[in-house]
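Everything on this sheet refers to the single structure shown next.
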Amino acid sequence: MSRKSSHDVKRSRTRKPQHDRETLSMNRPRAPHALFYPFHLCHPDTLARLLTRFATVHFRDFMALQLTPMAGMTAFQDRMGMSFPDLIESGRLVQGYDVSGPLPPTVAAAFDRDLHDPLWRTRFHIALRRDRRLQRGLFELSHSLRIGDSLVPSPAALLRLMDDSFRQQAYDLGRVRALSKSSATLEEGYHFEYGLALVKTSAALAYTQTLALAHELQPVTDSPSHFALYVQSCVRENWLRTNHLLVRVGY
């Protein structure tokens, strides 16, 4: 059963979709067109469900941000089309939107407004504490994390970052950039990692809005935490509030 609103939440109580790629390629709805967020990949079951509703599903490339000329992230080259070349050929899956490199001024400004928004910050911190998927998207939890000049077991590092003192800390892009240059001590390293997690989350949502407007796409996610954060940004910024949440059930 589904409930429709301006923030459309879909709940599926049917059996998991069968991935008949030929059928998905041919049975194309005329509209609308979806932009998946905040990740550059999604679960195959999510993609199959999206293709029953949207004419096309669009994906960004991996977001490798560059905070300063000397501090950046390594980009991953994987794309959804590698697993679904037939959907690329049919035009139902579109990829290649570049969201890497230095933050554009509009994205940087939106980031600072997110970080100065107490409700947005609270929702982010609650998600960081409770949402395993959001944690995996932000941190490499399969091995130790480098915090400052130290290697810290990932469970211990994550537990430290969950402390409410980080939610109460004032952050903006300038501070995160400064910490990226001088995170030598363990405490500075933790503050940088928390700030970087804020940057990556906020920037992914700001790019979602930018791409959706530029290409007339409807944002859609299967992450409730990112959905709630994007809703808060849209309300505060008075952005167009077309936003869909596809609830994952059984996968």
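By convention in this document, the chains of the structure tokens carry letters A, B, ... by their order, each chain's residues are numbered from 1, and ligands are numbered from 1 in the order they are shown.
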
Residues within 6 Å of stretch 50-56 of chain A, please, as number ranges by chain. Count only C-alpha atoms; anything in the same chain fewer than 2 positions from it doesn't count.
A: 28-33, 47-48, 92-93

Mind checking which residues fall within 9 Å of A:Leu141, counting only C-alpha atoms, ignoring those fewer than 5 positions away in the same chain, and posting them as a PDB file with N, CA, C and O atoms, in the first residue's frame?
```pdb
ATOM      1  N   GLN A 135      26.439   5.209   7.656  1.00  0.00           N
ATOM      2  CA  GLN A 135      27.799   5.046   8.175  1.00  0.00           C
ATOM      3  C   GLN A 135      28.720   4.454   7.111  1.00  0.00           C
ATOM      4  O   GLN A 135      29.839   4.932   6.906  1.00  0.00           O
ATOM      5  N   ARG A 136      28.241   3.409   6.430  1.00  0.00           N
ATOM      6  CA  ARG A 136      29.071   2.761   5.402  1.00  0.00           C
ATOM      7  C   ARG A 136      29.359   3.693   4.238  1.00  0.00           C
ATOM      8  O   ARG A 136      30.403   3.594   3.592  1.00  0.00           O
ATOM      9  N   PRO A 153      40.892   1.427  15.289  1.00  0.00           N
ATOM     10  CA  PRO A 153      39.901   0.426  14.847  1.00  0.00           C
ATOM     11  C   PRO A 153      38.571   1.107  14.546  1.00  0.00           C
ATOM     12  O   PRO A 153      38.118   1.966  15.300  1.00  0.00           O
ATOM     13  N   SER A 154      37.944   0.726  13.433  1.00  0.00           N
ATOM     14  CA  SER A 154      36.746   1.436  12.980  1.00  0.00           C
ATOM     15  C   SER A 154      35.622   1.454  14.003  1.00  0.00           C
ATOM     16  O   SER A 154      34.954   2.499  14.150  1.00  0.00           O
ATOM     17  N   PRO A 155      35.355   0.362  14.759  1.00  0.00           N
ATOM     18  CA  PRO A 155      34.277   0.456  15.760  1.00  0.00           C
ATOM     19  C   PRO A 155      34.556   1.527  16.814  1.00  0.00           C
ATOM     20  O   PRO A 155      33.645   2.263  17.207  1.00  0.00           O
ATOM     21  N   LEU A 158      34.163   5.068  15.151  1.00  0.00           N
ATOM     22  CA  LEU A 158      32.767   5.418  14.923  1.00  0.00           C
ATOM     23  C   LEU A 158      32.068   5.744  16.236  1.00  0.00           C
ATOM     24  O   LEU A 158      31.278   6.697  16.308  1.00  0.00           O
TER      25      LEU A 158
END
```

Could you name the residues that touch A:Leu179 at 10 Å or less, counting only C-alpha atoms, but leaving out those on the same chain fewer than 6 positions away, as a compact mmCIF listing (two decimals) with all heavy atoms, in the first residue's frame?
```
# COMPACT_ATOMS: atom_id res chain seq x y z
N GLY A 148 43.77 11.62 12.21
CA GLY A 148 45.00 12.37 12.39
C GLY A 148 46.16 11.54 11.90
O GLY A 148 46.17 11.05 10.77
N LEU A 173 32.45 25.35 6.08
CA LEU A 173 33.40 24.83 5.12
C LEU A 173 34.82 25.31 5.42
O LEU A 173 35.79 24.57 5.27
CB LEU A 173 32.99 25.23 3.70
CG LEU A 173 33.81 24.64 2.56
CD1 LEU A 173 33.82 23.11 2.62
CD2 LEU A 173 33.27 25.12 1.21
N GLU A 188 42.05 16.63 16.75
CA GLU A 188 41.84 17.37 15.50
C GLU A 188 41.40 16.42 14.39
O GLU A 188 40.56 16.77 13.54
CB GLU A 188 43.11 18.09 15.09
CG GLU A 188 43.46 19.31 15.93
CD GLU A 188 44.77 19.93 15.51
OE1 GLU A 188 45.63 19.21 14.96
OE2 GLU A 188 44.94 21.14 15.74
N GLY A 189 41.97 15.22 14.39
CA GLY A 189 41.59 14.24 13.37
C GLY A 189 40.13 13.84 13.46
O GLY A 189 39.44 13.73 12.44
N TYR A 190 39.62 13.66 14.67
CA TYR A 190 38.21 13.33 14.85
C TYR A 190 37.32 14.49 14.38
O TYR A 190 36.29 14.27 13.72
CB TYR A 190 37.91 12.99 16.31
CG TYR A 190 38.19 11.56 16.67
CD1 TYR A 190 39.16 11.23 17.61
CD2 TYR A 190 37.49 10.51 16.05
CE1 TYR A 190 39.42 9.89 17.94
CE2 TYR A 190 37.75 9.20 16.37
CZ TYR A 190 38.72 8.89 17.32
OH TYR A 190 38.97 7.57 17.64
N HIS A 191 37.71 15.70 14.71
CA HIS A 191 36.91 16.85 14.28
C HIS A 191 36.91 16.98 12.75
O HIS A 191 35.89 17.34 12.15
CB HIS A 191 37.43 18.13 14.93
CG HIS A 191 37.03 18.27 16.37
ND1 HIS A 191 35.73 18.52 16.74
CD2 HIS A 191 37.75 18.18 17.51
CE1 HIS A 191 35.66 18.59 18.07
NE2 HIS A 191 36.87 18.38 18.55
N PHE A 192 38.05 16.66 12.12
CA PHE A 192 38.09 16.70 10.66
C PHE A 192 37.20 15.62 10.06
O PHE A 192 36.44 15.88 9.11
CB PHE A 192 39.52 16.53 10.15
CG PHE A 192 39.58 16.35 8.65
CD1 PHE A 192 39.23 17.38 7.80
CD2 PHE A 192 39.96 15.13 8.10
CE1 PHE A 192 39.27 17.22 6.41
CE2 PHE A 192 40.00 14.95 6.73
CZ PHE A 192 39.66 16.00 5.89
N GLU A 193 37.26 14.39 10.59
CA GLU A 193 36.45 13.30 10.04
C GLU A 193 34.96 13.59 10.17
O GLU A 193 34.18 13.31 9.26
CB GLU A 193 36.79 11.98 10.73
CG GLU A 193 38.17 11.43 10.38
CD GLU A 193 38.34 11.16 8.90
OE1 GLU A 193 37.35 10.79 8.23
OE2 GLU A 193 39.47 11.33 8.40
N GLY A 195 33.63 16.63 10.36
CA GLY A 195 33.35 17.71 9.42
C GLY A 195 33.31 17.23 7.99
O GLY A 195 32.46 17.67 7.19
N LEU A 196 34.20 16.31 7.62
CA LEU A 196 34.20 15.77 6.27
C LEU A 196 32.93 14.98 6.00
O LEU A 196 32.38 15.03 4.89
CB LEU A 196 35.43 14.90 6.06
CG LEU A 196 35.63 14.32 4.66
CD1 LEU A 196 35.75 15.44 3.62
CD2 LEU A 196 36.87 13.42 4.62
```

Would you pick out the contacts of A:Trp120 at 10 Å or less, using only C-alpha atoms, so that residues sharing its chain but fewer than 3 positions from it are not included, and give the list as a ChimeraX atom specification?
/A:113-117,123-125,202,228-233,236

Enumerate, as a PyMOL selection string, the complete set of residues in stretch 35-205 of chain A that a backbone-based DSSP assignment places in alpha helix (DSSP H).
chain A and resi 44-51+85-90+105-115+118-130+132-138+154-161+164-168+173-181+186-205

Members of stretch 44-242 of chain A assigned strand (DSSP E or B) by DSSP, as a PyMOL selection string:
chain A and resi 56-60+65-68+71-72+93-97+101-102+145-147+150-152+218-221

Distance in Å - atom CA of A:Tyr37 versus atom CA of A:Ser100:
14.9 Å

If you count only C-alpha atoms, which residues fall within 10 Å of A:Gln209, apart from same-chain ones fewer than 5 positions away, as a PyMOL selection string?
chain A and resi 35+37+107+203-204+214+217-219+230+233-234+239-241

Go ahead and dump the residues you just picked, N, CA, C and O atoms, as a tab-separated table (two decimals), in the first residue's frame.
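Saved as selection10.tsv:
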```
chain	number	residue	atom	x	y	z
A	35	LEU	N	16.21	11.01	-10.77
A	35	LEU	CA	17.61	11.17	-10.41
A	35	LEU	C	17.82	10.46	-9.08
A	35	LEU	O	17.29	10.88	-8.05
A	37	TYR	N	19.59	9.48	-5.70
A	37	TYR	CA	20.54	10.13	-4.80
A	37	TYR	C	20.59	9.35	-3.49
A	37	TYR	O	19.69	8.57	-3.20
A	107	VAL	N	27.14	25.32	-4.23
A	107	VAL	CA	27.14	24.13	-3.38
A	107	VAL	C	27.78	24.44	-2.04
A	107	VAL	O	27.30	24.03	-0.98
A	203	ALA	N	26.93	18.10	0.49
A	203	ALA	CA	27.26	18.33	-0.91
A	203	ALA	C	26.49	17.39	-1.82
A	203	ALA	O	26.01	17.80	-2.90
A	204	ALA	N	26.32	16.13	-1.42
A	204	ALA	CA	25.56	15.19	-2.23
A	204	ALA	C	24.13	15.66	-2.42
A	204	ALA	O	23.54	15.52	-3.51
A	214	ALA	N	18.65	21.32	-13.38
A	214	ALA	CA	19.30	21.50	-14.67
A	214	ALA	C	18.77	20.53	-15.73
A	214	ALA	O	18.70	20.88	-16.91
A	217	LEU	N	14.72	16.55	-13.64
A	217	LEU	CA	14.63	15.21	-13.08
A	217	LEU	C	13.98	15.27	-11.70
A	217	LEU	O	14.01	16.31	-11.04
A	218	GLN	N	13.41	14.15	-11.28
A	218	GLN	CA	12.79	14.07	-9.96
A	218	GLN	C	13.69	13.27	-9.02
A	218	GLN	O	13.97	12.10	-9.29
A	219	PRO	N	14.15	13.88	-7.92
A	219	PRO	CA	15.03	13.16	-6.99
A	219	PRO	C	14.31	11.99	-6.34
A	219	PRO	O	13.15	12.09	-5.94
A	230	TYR	N	17.31	15.81	2.99
A	230	TYR	CA	17.00	16.59	1.79
A	230	TYR	C	15.68	17.34	1.95
A	230	TYR	O	15.56	18.50	1.50
A	233	SER	N	16.48	20.46	3.91
A	233	SER	CA	17.16	21.45	3.07
A	233	SER	C	16.16	22.13	2.12
A	233	SER	O	16.20	23.35	1.94
A	234	CYS	N	15.27	21.33	1.52
A	234	CYS	CA	14.29	21.89	0.59
A	234	CYS	C	13.35	22.87	1.29
A	234	CYS	O	13.04	23.94	0.74
A	239	TRP	N	13.33	25.23	-1.92
A	239	TRP	CA	13.58	24.53	-3.17
A	239	TRP	C	12.33	23.79	-3.59
A	239	TRP	O	11.46	23.50	-2.79
A	240	LEU	N	12.28	23.47	-4.88
A	240	LEU	CA	11.21	22.61	-5.40
A	240	LEU	C	11.21	21.30	-4.62
A	240	LEU	O	12.25	20.66	-4.47
A	241	ARG	N	10.05	20.91	-4.08
A	241	ARG	CA	10.02	19.83	-3.11
A	241	ARG	C	9.60	18.48	-3.67
A	241	ARG	O	9.14	17.61	-2.94
```

Which is closest to A:Asn243 among A:Phe227, A:Phe62, A:Phe111, A:Phe84, if we use only C-alpha atoms?
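Of the candidates, the smallest distance to A:Asn243 is held by A:Phe227.
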
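The residue set within 10 Å of A:Asp164, counting only C-alpha atoms and dropping same-chain residues fewer than 4 places from it, reads Thr122, His125, Ile126, Arg129, Arg160, Gln168 and Gln169 of chain A.
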
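Between atom CA of A:Phe59 and atom CA of A:Val247 the separation is 18.5 Å.
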
Quick one: of A:Arg121, A:Gly81, A:Pro224, A:Arg60, who's nearest to A:Ser165, counting only C-alpha atoms?
A:Arg121

Which of these residues is nearest to A:Val199, using only C-alpha atoms: A:Leu186, A:Ala212, A:Val249, A:Leu138?
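Closest to A:Val199 of all the choices is A:Leu138.
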